$ cat upload_35.csv   # CSV, C-alpha atoms
chain,number,residue,atom,x,y,z
A,1,MET,CA,117.9,97.5,95.0
A,2,ARG,CA,119.9,99.4,97.6
A,3,SER,CA,122.2,97.3,99.7
A,4,ASN,CA,120.9,98.8,103.0
A,5,GLN,CA,117.3,98.7,101.9
A,6,LYS,CA,114.6,98.1,104.5
A,7,PRO,CA,111.2,96.8,103.3
A,8,ILE,CA,108.0,98.6,103.3
A,9,ALA,CA,105.4,97.3,105.8
A,10,VAL,CA,101.9,96.9,104.3
A,11,SER,CA,98.8,96.5,106.4
A,12,MET,CA,96.2,94.1,104.8
A,13,GLY,CA,93.3,96.4,105.5
A,14,GLU,CA,89.7,95.2,105.4
A,15,PRO,CA,89.9,91.4,104.8
A,16,ALA,CA,86.7,91.4,102.7
A,17,GLY,CA,87.8,94.2,100.5
A,18,ILE,CA,90.5,94.5,97.8
A,19,GLY,CA,93.4,95.0,100.2
A,20,PRO,CA,94.5,91.4,99.9
A,21,ASP,CA,94.0,91.4,96.1
A,22,LEU,CA,96.2,94.5,95.7
A,23,ALA,CA,99.1,93.1,97.5
A,24,LEU,CA,98.9,89.8,95.6
A,25,ILE,CA,98.5,91.4,92.2
A,26,ALA,CA,101.2,93.9,92.9
A,27,TRP,CA,103.7,91.3,94.0
A,28,ALA,CA,102.9,89.1,90.9
A,29,ASN,CA,103.6,92.2,88.7
A,30,ARG,CA,106.5,93.6,90.8
A,31,LYS,CA,109.0,93.9,88.1
A,32,ALA,CA,106.7,95.5,85.5
A,33,LEU,CA,105.5,97.9,88.2
A,34,GLY,CA,109.0,98.7,89.5
A,35,LEU,CA,108.1,98.0,93.1
A,36,PRO,CA,110.4,98.2,96.1
A,37,PRO,CA,110.5,95.2,98.5
A,38,PHE,CA,107.5,95.0,100.8
A,39,TYR,CA,105.8,92.6,103.2
A,40,ILE,CA,102.2,92.4,104.3
A,41,ARG,CA,100.9,92.0,107.8
A,42,GLY,CA,97.8,89.9,107.8
A,43,ASP,CA,96.6,86.3,107.5
A,44,GLU,CA,98.6,84.0,105.3
A,45,ALA,CA,95.8,81.5,104.9
A,46,LEU,CA,93.3,84.2,103.7
A,47,LEU,CA,95.9,85.6,101.3
A,48,HIS,CA,96.4,82.1,99.9
A,49,GLU,CA,92.7,81.5,99.4
A,50,ARG,CA,92.3,84.9,97.8
A,51,ALA,CA,95.0,84.2,95.3
A,52,GLN,CA,93.3,80.9,94.4
A,53,LYS,CA,90.0,82.7,93.9
A,54,MET,CA,91.6,85.1,91.5
A,55,GLY,CA,93.5,82.4,89.7
A,56,LEU,CA,96.7,84.2,90.5
A,57,ASN,CA,100.0,82.3,90.7
A,58,ALA,CA,101.4,84.2,93.6
A,59,ARG,CA,103.8,82.4,96.0
A,60,LEU,CA,103.5,83.3,99.7
A,61,ARG,CA,106.0,82.8,102.5
A,62,LEU,CA,105.6,83.4,106.3
A,63,VAL,CA,108.7,85.4,107.4
A,64,ALA,CA,110.2,87.5,110.1
A,65,GLN,CA,110.5,91.1,109.2
A,66,ASP,CA,114.2,91.0,108.6
A,67,GLU,CA,113.8,88.2,106.1
A,68,ALA,CA,111.4,90.2,103.9
A,69,VAL,CA,113.9,91.8,101.5
A,70,ALA,CA,115.7,88.5,100.7
A,71,THR,CA,112.3,86.7,100.3
A,72,PHE,CA,110.7,89.3,98.1
A,73,THR,CA,112.2,88.2,94.8
A,74,LYS,CA,110.9,84.6,95.4
A,75,ALA,CA,107.6,85.0,97.3
A,76,LEU,CA,105.3,87.6,98.8
A,77,PRO,CA,106.6,87.9,102.4
A,78,VAL,CA,103.8,87.7,105.0
A,79,VAL,CA,104.1,88.5,108.7
A,80,GLN,CA,101.3,86.7,110.3
A,81,THR,CA,99.2,89.1,112.4
A,82,GLY,CA,96.1,88.0,114.2
A,83,PRO,CA,94.2,84.7,113.9
A,84,ALA,CA,93.3,82.8,110.8
A,85,LEU,CA,90.4,84.5,109.0
A,86,PRO,CA,87.8,83.1,106.6
A,87,ASP,CA,88.1,84.4,103.1
A,88,GLN,CA,84.8,86.0,102.3
A,89,PRO,CA,85.2,88.6,99.7
A,90,GLY,CA,82.6,91.3,99.9
A,91,VAL,CA,81.1,90.0,103.2
A,92,GLU,CA,81.7,92.4,106.1
A,93,ALA,CA,82.5,90.4,109.4
A,94,PRO,CA,82.8,92.3,112.7
A,95,GLU,CA,85.1,89.7,114.1
A,96,THR,CA,87.9,90.8,111.7
A,97,ALA,CA,88.1,94.3,113.1
A,98,ALA,CA,90.7,93.4,115.8
A,99,SER,CA,93.0,91.9,113.1
A,100,VAL,CA,92.6,95.1,110.9
A,101,VAL,CA,93.7,97.3,113.8
A,102,ALA,CA,96.5,94.9,114.9
A,103,ALA,CA,98.0,95.0,111.4
A,104,ILE,CA,98.2,98.8,111.5
A,105,GLU,CA,99.7,98.8,115.0
A,106,GLY,CA,102.2,96.0,114.0
A,107,CYS,CA,103.4,98.0,111.0
A,108,VAL,CA,104.1,101.1,113.1
A,109,ASP,CA,105.9,98.9,115.7
A,110,ASP,CA,108.1,97.6,112.8
A,111,ILE,CA,109.0,101.1,111.7
A,112,LYS,CA,109.8,102.1,115.3
A,113,SER,CA,112.0,99.0,115.8
A,114,GLY,CA,113.9,99.6,112.6
A,115,HIS,CA,112.5,96.6,110.7
A,116,ALA,CA,110.6,98.7,108.0
A,117,CYS,CA,111.3,102.0,106.4
A,118,ALA,CA,107.7,103.1,105.7
A,119,LEU,CA,104.0,102.1,106.0
A,120,VAL,CA,101.5,101.6,103.2
A,121,THR,CA,98.0,101.0,104.6
A,122,SER,CA,95.4,99.2,102.6
A,123,PRO,CA,91.8,100.4,102.7
A,124,ILE,CA,89.7,99.9,105.8
A,125,ASN,CA,86.0,100.0,106.4
A,126,LYS,CA,85.7,102.7,109.0
A,127,ALA,CA,82.0,102.2,109.7
A,128,ALA,CA,82.7,98.5,110.5
A,129,LEU,CA,85.5,99.5,112.9
A,130,TYR,CA,83.3,102.1,114.6
A,131,ARG,CA,80.8,99.4,115.4
A,132,THR,CA,83.5,97.6,117.4
A,133,GLY,CA,84.6,100.6,119.4
A,134,PHE,CA,87.2,102.1,117.1
A,135,ALA,CA,87.4,105.7,118.4
A,136,PHE,CA,89.1,107.5,115.5
A,137,PRO,CA,87.6,109.2,112.4
A,138,GLY,CA,90.1,107.4,110.1
A,139,HIS,CA,93.6,106.2,109.5
A,140,THR,CA,95.1,109.7,109.6
A,141,GLU,CA,93.9,110.4,113.1
A,142,TYR,CA,94.7,106.9,114.4
A,143,LEU,CA,98.3,107.1,113.1
A,144,GLY,CA,98.7,110.4,114.9
A,145,SER,CA,97.8,108.7,118.1
A,146,LEU,CA,100.2,105.8,117.5
A,147,ALA,CA,103.0,108.3,116.7
A,148,GLU,CA,102.5,110.1,120.0
A,149,MET,CA,102.6,106.7,121.8
A,150,HIS,CA,105.7,105.3,120.1
A,151,TRP,CA,107.7,108.6,119.7
A,152,PRO,CA,107.0,110.4,123.0
A,153,GLY,CA,108.3,114.0,122.9
A,154,GLU,CA,108.0,114.3,119.2
A,155,PRO,CA,104.9,116.3,118.3
A,156,ALA,CA,102.6,114.5,115.8
A,157,LYS,CA,100.2,116.7,113.9
A,158,PRO,CA,98.9,114.4,111.1
A,159,VAL,CA,98.0,116.2,107.9
A,160,MET,CA,96.3,114.4,105.1
A,161,MET,CA,97.6,115.0,101.5
A,162,ILE,CA,96.4,113.5,98.3
A,163,ALA,CA,99.3,113.5,95.9
A,164,GLY,CA,98.9,112.8,92.2
A,165,PRO,CA,101.0,113.3,89.1
A,166,GLU,CA,99.3,116.6,88.3
A,167,LEU,CA,97.9,117.8,91.6
A,168,MET,CA,98.7,117.8,95.3
A,169,VAL,CA,96.0,118.9,97.8
A,170,VAL,CA,95.6,119.1,101.6
A,171,PRO,CA,92.3,119.6,103.4
A,172,VAL,CA,92.6,121.7,106.5
A,173,THR,CA,89.5,120.0,108.1
A,174,ILE,CA,89.1,116.4,107.2
A,175,HIS,CA,86.5,113.9,108.4
A,176,ILE,CA,83.9,116.2,109.9
A,177,PRO,CA,80.3,117.1,108.7
A,178,ILE,CA,80.2,120.0,106.3
A,179,ARG,CA,78.0,122.0,108.8
A,180,ASP,CA,80.9,122.0,111.3
A,181,VAL,CA,83.5,123.3,108.9
A,182,PRO,CA,83.0,127.1,109.5
A,183,THR,CA,83.1,126.8,113.2
A,184,SER,CA,86.1,124.4,113.1
A,185,LEU,CA,88.3,126.7,111.0
A,186,THR,CA,90.7,128.9,112.8
A,187,THR,CA,93.7,131.0,111.7
A,188,GLU,CA,95.9,128.8,113.9
A,189,LEU,CA,94.6,125.6,112.3
A,190,ILE,CA,95.3,126.9,108.8
A,191,VAL,CA,98.8,128.2,109.7
A,192,GLY,CA,99.7,124.9,111.5
A,193,THR,CA,98.5,122.8,108.6
A,194,ALA,CA,100.3,124.9,106.0
A,195,GLU,CA,103.5,125.0,108.1
A,196,ILE,CA,103.6,121.2,108.2
A,197,THR,CA,102.8,120.9,104.5
A,198,ALA,CA,105.6,123.3,103.5
A,199,ARG,CA,108.1,121.6,105.8
A,200,ASP,CA,107.4,118.1,104.4
A,201,LEU,CA,107.3,119.3,100.8
A,202,LYS,CA,110.9,120.5,101.5
A,203,THR,CA,112.3,117.6,103.6
A,204,ARG,CA,110.5,114.7,101.9
A,205,PHE,CA,109.4,115.8,98.5
A,206,GLY,CA,112.5,117.9,97.6
A,207,TYR,CA,110.8,121.3,96.9
A,208,THR,CA,113.2,124.1,97.6
A,209,SER,CA,110.6,126.8,98.1
A,210,PRO,CA,107.1,125.2,98.1
A,211,ARG,CA,104.2,127.4,96.7
A,212,LEU,CA,101.0,127.0,98.6
A,213,ALA,CA,97.6,128.1,97.1
A,214,ILE,CA,95.1,128.6,99.9
A,215,CYS,CA,91.4,128.1,99.0
A,216,GLY,CA,88.7,130.4,100.3
A,217,LEU,CA,85.8,128.9,102.1
A,218,ASN,CA,82.9,130.7,100.5
A,219,PRO,CA,81.9,131.2,96.9
A,220,HIS,CA,84.3,133.7,95.2
A,221,ALA,CA,86.3,133.6,98.5
A,222,GLY,CA,83.6,135.6,100.2
A,223,GLU,CA,83.5,138.7,97.9
A,224,ASN,CA,85.1,140.9,100.6
A,225,GLY,CA,82.7,139.7,103.3
A,226,SER,CA,79.5,139.9,101.2
A,227,MET,CA,79.2,136.1,101.0
A,228,GLY,CA,80.6,135.1,104.4
A,229,THR,CA,83.2,136.7,106.6
A,230,GLU,CA,85.4,133.6,107.2
A,231,ASP,CA,87.7,134.3,104.2
A,232,ARG,CA,88.3,137.9,105.4
A,233,ASP,CA,88.5,137.3,109.2
A,234,ILE,CA,90.2,133.8,109.4
A,235,ILE,CA,91.9,132.8,106.1
A,236,GLU,CA,93.5,136.1,105.1
A,237,PRO,CA,95.2,136.6,108.5
A,238,ALA,CA,96.5,133.1,108.2
A,239,ILE,CA,98.0,133.8,104.8
A,240,SER,CA,99.6,137.0,106.2
A,241,ARG,CA,101.2,135.0,109.0
A,242,LEU,CA,102.5,132.4,106.7
A,243,ARG,CA,104.1,135.0,104.4
A,244,ALA,CA,105.7,136.6,107.5
A,245,MET,CA,107.2,133.1,108.3
A,246,GLY,CA,108.8,133.0,104.9
A,247,ILE,CA,106.3,130.5,103.4
A,248,GLU,CA,105.1,131.3,99.9
A,249,ALA,CA,101.3,131.3,100.3
A,250,THR,CA,98.7,132.9,98.1
A,251,GLY,CA,95.0,133.4,98.4
A,252,PRO,CA,92.4,133.1,99.5
A,253,HIS,CA,91.5,131.8,96.0
A,254,PRO,CA,88.0,131.0,94.7
A,255,ALA,CA,88.0,127.2,94.5
A,256,ASP,CA,86.1,127.1,91.3
A,257,THR,CA,88.9,128.7,89.3
A,258,LEU,CA,91.9,127.0,91.0
A,259,PHE,CA,92.1,123.5,89.4
A,260,HIS,CA,92.2,123.9,85.6
A,261,PRO,CA,95.6,123.3,83.9
A,262,PRO,CA,96.8,127.0,83.6
A,263,ALA,CA,96.0,127.7,87.3
A,264,ARG,CA,98.0,124.6,88.3
A,265,GLN,CA,101.1,126.1,86.9
A,266,HIS,CA,101.3,128.7,89.7
A,267,TYR,CA,101.4,126.5,92.8
A,268,ASP,CA,102.8,123.2,94.1
A,269,CYS,CA,100.0,122.3,96.5
A,270,VAL,CA,96.5,123.5,97.3
A,271,LEU,CA,95.2,123.8,100.9
A,272,GLY,CA,91.4,123.5,101.0
A,273,MET,CA,89.1,124.4,103.8
A,274,TYR,CA,87.2,121.1,103.8
A,275,HIS,CA,87.5,117.5,102.6
A,276,ASP,CA,85.5,117.5,99.3
A,277,GLN,CA,86.6,121.0,98.3
A,278,VAL,CA,90.0,119.6,97.3
A,279,LEU,CA,89.5,115.8,97.1
A,280,ILE,CA,86.9,116.0,94.3
A,281,PRO,CA,89.3,117.8,91.9
A,282,ALA,CA,92.2,115.6,93.0
A,283,LYS,CA,90.3,112.4,92.4
A,284,THR,CA,88.8,113.7,89.2
A,285,ILE,CA,92.2,114.6,87.7
A,286,GLY,CA,94.1,111.5,89.0
A,287,PHE,CA,91.8,108.9,90.4
A,288,ASP,CA,93.9,105.8,89.6
A,289,GLU,CA,97.3,107.4,90.2
A,290,SER,CA,96.8,109.5,93.3
A,291,VAL,CA,98.2,108.5,96.7
A,292,ASN,CA,97.1,109.4,100.2
A,293,VAL,CA,100.1,110.7,102.2
A,294,THR,CA,100.1,111.5,105.9
A,295,LEU,CA,102.3,114.5,106.6
A,296,GLY,CA,103.4,115.6,110.0
A,297,LEU,CA,104.3,112.1,111.4
A,298,PRO,CA,107.8,110.9,112.5
A,299,PHE,CA,107.5,108.1,109.8
A,300,VAL,CA,106.3,107.8,106.2
A,301,ARG,CA,102.8,106.6,105.6
A,302,THR,CA,101.1,106.4,102.2
A,303,SER,CA,97.9,104.7,101.1
A,304,PRO,CA,96.0,104.1,97.8
A,305,ASP,CA,93.4,106.8,97.3
A,306,HIS,CA,90.3,104.6,97.2
A,307,GLY,CA,88.1,102.4,99.4
A,308,THR,CA,87.6,98.8,100.0
A,309,ALA,CA,85.7,98.1,96.8
A,310,TYR,CA,83.8,95.1,98.1
A,311,ASN,CA,82.2,94.4,94.7
A,312,LEU,CA,85.7,93.8,93.2
A,313,ALA,CA,87.2,91.7,96.0
A,314,GLY,CA,88.2,88.3,94.9
A,315,THR,CA,87.5,88.9,91.2
A,316,GLY,CA,91.0,89.8,90.1
A,317,THR,CA,89.8,93.0,88.4
A,318,ALA,CA,90.8,95.6,90.9
A,319,ARG,CA,93.2,98.1,89.5
A,320,VAL,CA,96.6,98.2,91.2
A,321,ASP,CA,97.7,101.6,90.0
A,322,SER,CA,97.2,103.6,93.2
A,323,PHE,CA,98.5,100.9,95.4
A,324,ALA,CA,101.7,100.5,93.3
A,325,ALA,CA,102.1,104.3,93.3
A,326,SER,CA,101.8,104.3,97.1
A,327,LEU,CA,104.6,101.8,97.4
A,328,ARG,CA,106.9,103.7,95.0
A,329,MET,CA,106.1,107.0,96.8
A,330,ALA,CA,106.7,105.5,100.2
A,331,ASP,CA,110.1,104.3,99.1
A,332,VAL,CA,111.1,107.7,97.8
A,333,LEU,CA,109.8,109.6,100.8
A,334,ALA,CA,111.5,107.3,103.2
A,335,ASN,CA,114.8,107.9,101.4
A,336,PRO,CA,114.9,111.7,100.7
A,337,GLU,CA,118.6,111.6,100.1
A,338,ARG,CA,117.8,110.3,96.6
A,339,PHE,CA,116.5,113.6,95.4

$ encode --input "upload_35.csv" --output "structure tokens"
Amino acid sequence: MRSNQKPIAVSMGEPAGIGPDLALIAWANRKALGLPPFYIRGDEALLHERAQKMGLNARLRLVAQDEAVATFTKALPVVQTGPALPDQPGVEAPETAASVVAAIEGCVDDIKSGHACALVTSPINKAALYRTGFAFPGHTEYLGSLAEMHWPGEPAKPVMMIAGPELMVVPVTIHIPIRDVPTSLTTELIVGTAEITARDLKTRFGYTSPRLAICGLNPHAGENGSMGTEDRDIIEPAISRLRAMGIEATGPHPADTLFHPPARQHYDCVLGMYHDQVLIPAKTIGFDESVNVTLGLPFVRTSPDHGTAYNLAGTGTARVDSFAASLRMADVLANPERF
């Protein structure tokens, strides 16, 4: 543990999902998992009840943020956020939405005020939040809005990355219907996304000269326009501009031949044109170890690469691998001098 270490702020996520379970299981196994100090923003009473349901001997302690590191070795530090909530694993309750959002906002506030070094977000139920007026497609877009609010003058262009031990991917378009992808793609969007990806791979991940593989949109990358012109008219000009900027970008590559082991030796990160084009291979190759990282923000944010798993909440059977990897990665990315 570093003498100047700040803790990682964790938002509890959807109370009826496995977010509370993951924090409790991770803390109970903190030494075996090699975890850095963290605290969770949420409801202490709910967490206590959840631990009892799982038969988990996890001590909890309400703390102020600056007490978290000293407390971490003895108890899971909790910063109470929002009112007390009933513990109802697997039962969606609209009245918990305000607490879910408040926990995320509170964690970002803590980073801005210097109380935390990074944010790990537990899974949320976006559909439940939409029904209460939440106006953002997901965590990524909401965090971009919070960044602009708290760091005025610093441009925030959130870029979603899924990072696993064997594959890192970035979707250029994210949470939009597949029918809208072709009309949403622009050369400028691809260049901007790739530029942020290359920058953060250098400054946060320690790559000296990141190699980006750019997917085509259409089968066989369009076959010179015979199967769609987007690859020729939008993606190829983007790659040319990236190369002129000194960024090592190749493509457009047919996506169906880009993810087997020999192909993965020739790049550091893949940029796909839509969500499932790159998230399907990323999750297939490293489902339990992959981490969702938001690039392009003035702070570090990671998240486990899975959902709320209502069916596992409160059972004690949720796998903690991705959550633990999110904590370890957040610690490294928040302290790039350690490369």

$ atom_distance --input "upload_35.csv" --atom1 "atom CA of A:Glu14" --atom2 "atom CA of A:Val63"
21.5 Å

$ closest_residue --input "upload_35.csv" --among "A:Ser209, A:Thr197, A:Ser226, A:Ser145" --to "A:Ala163" --atoms "all atoms listed in the file"
A:Thr197

$ residues_around --input "upload_35.csv" --residues "A:Gln65" --least-positions-apart "5" --cutoff "8 Å" --atoms "only C-alpha atoms" --output "MDAnalysis selection string"
chainID A and resid 39 79 110 115:116

$ atom_distance --input "upload_35.csv" --atom1 "atom CA of A:Ile234" --atom2 "atom CA of A:Thr186"
6.0 Å

$ residues_around --input "upload_35.csv" --residues "stretch 87-99 of chain A" --least-positions-apart "5" --cutoff "12 Å" --atoms "all atoms listed in the file" --output "JSON list (two decimals) with C-alpha atoms, in the coordinates of the input"
[["chain", "number", "residue", "atom", "x", "y", "z"],
["A", 11, "SER", "CA", 98.80, 96.50, 106.40],
["A", 12, "MET", "CA", 96.20, 94.10, 104.80],
["A", 13, "GLY", "CA", 93.30, 96.40, 105.50],
["A", 14, "GLU", "CA", 89.70, 95.20, 105.40],
["A", 15, "PRO", "CA", 89.90, 91.40, 104.80],
["A", 16, "ALA", "CA", 86.70, 91.40, 102.70],
["A", 17, "GLY", "CA", 87.80, 94.20, 100.50],
["A", 18, "ILE", "CA", 90.50, 94.50, 97.80],
["A", 19, "GLY", "CA", 93.40, 95.00, 100.20],
["A", 20, "PRO", "CA", 94.50, 91.40, 99.90],
["A", 21, "ASP", "CA", 94.00, 91.40, 96.10],
["A", 41, "ARG", "CA", 100.90, 92.00, 107.80],
["A", 42, "GLY", "CA", 97.80, 89.90, 107.80],
["A", 43, "ASP", "CA", 96.60, 86.30, 107.50],
["A", 44, "GLU", "CA", 98.60, 84.00, 105.30],
["A", 45, "ALA", "CA", 95.80, 81.50, 104.90],
["A", 46, "LEU", "CA", 93.30, 84.20, 103.70],
["A", 47, "LEU", "CA", 95.90, 85.60, 101.30],
["A", 48, "HIS", "CA", 96.40, 82.10, 99.90],
["A", 49, "GLU", "CA", 92.70, 81.50, 99.40],
["A", 50, "ARG", "CA", 92.30, 84.90, 97.80],
["A", 51, "ALA", "CA", 95.00, 84.20, 95.30],
["A", 52, "GLN", "CA", 93.30, 80.90, 94.40],
["A", 53, "LYS", "CA", 90.00, 82.70, 93.90],
["A", 54, "MET", "CA", 91.60, 85.10, 91.50],
["A", 80, "GLN", "CA", 101.30, 86.70, 110.30],
["A", 81, "THR", "CA", 99.20, 89.10, 112.40],
["A", 82, "GLY", "CA", 96.10, 88.00, 114.20],
["A", 104, "ILE", "CA", 98.20, 98.80, 111.50],
["A", 105, "GLU", "CA", 99.70, 98.80, 115.00],
["A", 106, "GLY", "CA", 102.20, 96.00, 114.00],
["A", 124, "ILE", "CA", 89.70, 99.90, 105.80],
["A", 125, "ASN", "CA", 86.00, 100.00, 106.40],
["A", 126, "LYS", "CA", 85.70, 102.70, 109.00],
["A", 127, "ALA", "CA", 82.00, 102.20, 109.70],
["A", 128, "ALA", "CA", 82.70, 98.50, 110.50],
["A", 129, "LEU", "CA", 85.50, 99.50, 112.90],
["A", 130, "TYR", "CA", 83.30, 102.10, 114.60],
["A", 131, "ARG", "CA", 80.80, 99.40, 115.40],
["A", 132, "THR", "CA", 83.50, 97.60, 117.40],
["A", 133, "GLY", "CA", 84.60, 100.60, 119.40],
["A", 134, "PHE", "CA", 87.20, 102.10, 117.10],
["A", 308, "THR", "CA", 87.60, 98.80, 100.00],
["A", 309, "ALA", "CA", 85.70, 98.10, 96.80],
["A", 310, "TYR", "CA", 83.80, 95.10, 98.10],
["A", 311, "ASN", "CA", 82.20, 94.40, 94.70],
["A", 312, "LEU", "CA", 85.70, 93.80, 93.20],
["A", 313, "ALA", "CA", 87.20, 91.70, 96.00],
["A", 314, "GLY", "CA", 88.20, 88.30, 94.90],
["A", 315, "THR", "CA", 87.50, 88.90, 91.20],
["A", 316, "GLY", "CA", 91.00, 89.80, 90.10]]

$ atom_distance --input "upload_35.csv" --atom1 "atom CA of A:Thr284" --atom2 "atom CA of A:Ile214"
19.4 Å

$ closest_residue --input "upload_35.csv" --among "A:Pro165, A:Gly307, A:Pro261, A:Pro7" --to "A:Ile111" --atoms "all atoms listed in the file"
A:Pro7

$ closest_residue --input "upload_35.csv" --among "A:Thr257, A:Thr183, A:Thr71, A:Gln265" --to "A:Thr229" --atoms "all atoms listed in the file"
A:Thr183

$ residues_around --input "upload_35.csv" --residues "A:Arg204" --least-positions-apart "6" --cutoff "12 Å" --atoms "all atoms listed in the file" --output "number ranges by chain"
A: 196-198, 210, 293-301, 329-339

$ closest_residue --input "upload_35.csv" --among "A:Gln5, A:Thr187, A:Asn29, A:Thr140" --to "A:Val320" --atoms "only C-alpha atoms"
A:Asn29

$ closest_residue --input "upload_35.csv" --among "A:His139, A:Val120, A:Leu271, A:Ala244" --to "A:Leu189" --atoms "all atoms listed in the file"
A:Leu271

$ residues_around --input "upload_35.csv" --residues "A:Pro77" --least-positions-apart "4" --cutoff "10 Å" --atoms "all atoms listed in the file" --output "PyMOL selection string"
chain A and resi 27+37-41+44+59-65+67-73

$ closest_residue --input "upload_35.csv" --among "A:Ala9, A:Gly164, A:Glu141, A:Val172" --to "A:Val108" --atoms "only C-alpha atoms"
A:Ala9

$ residues_around --input "upload_35.csv" --residues "A:Leu185" --least-positions-apart "5" --cutoff "9 Å" --atoms "all atoms listed in the file" --output "list in words"
Val172, Thr173, Asp180, Ile190, Glu230, Ile234, Ile235 and Met273 of chain A
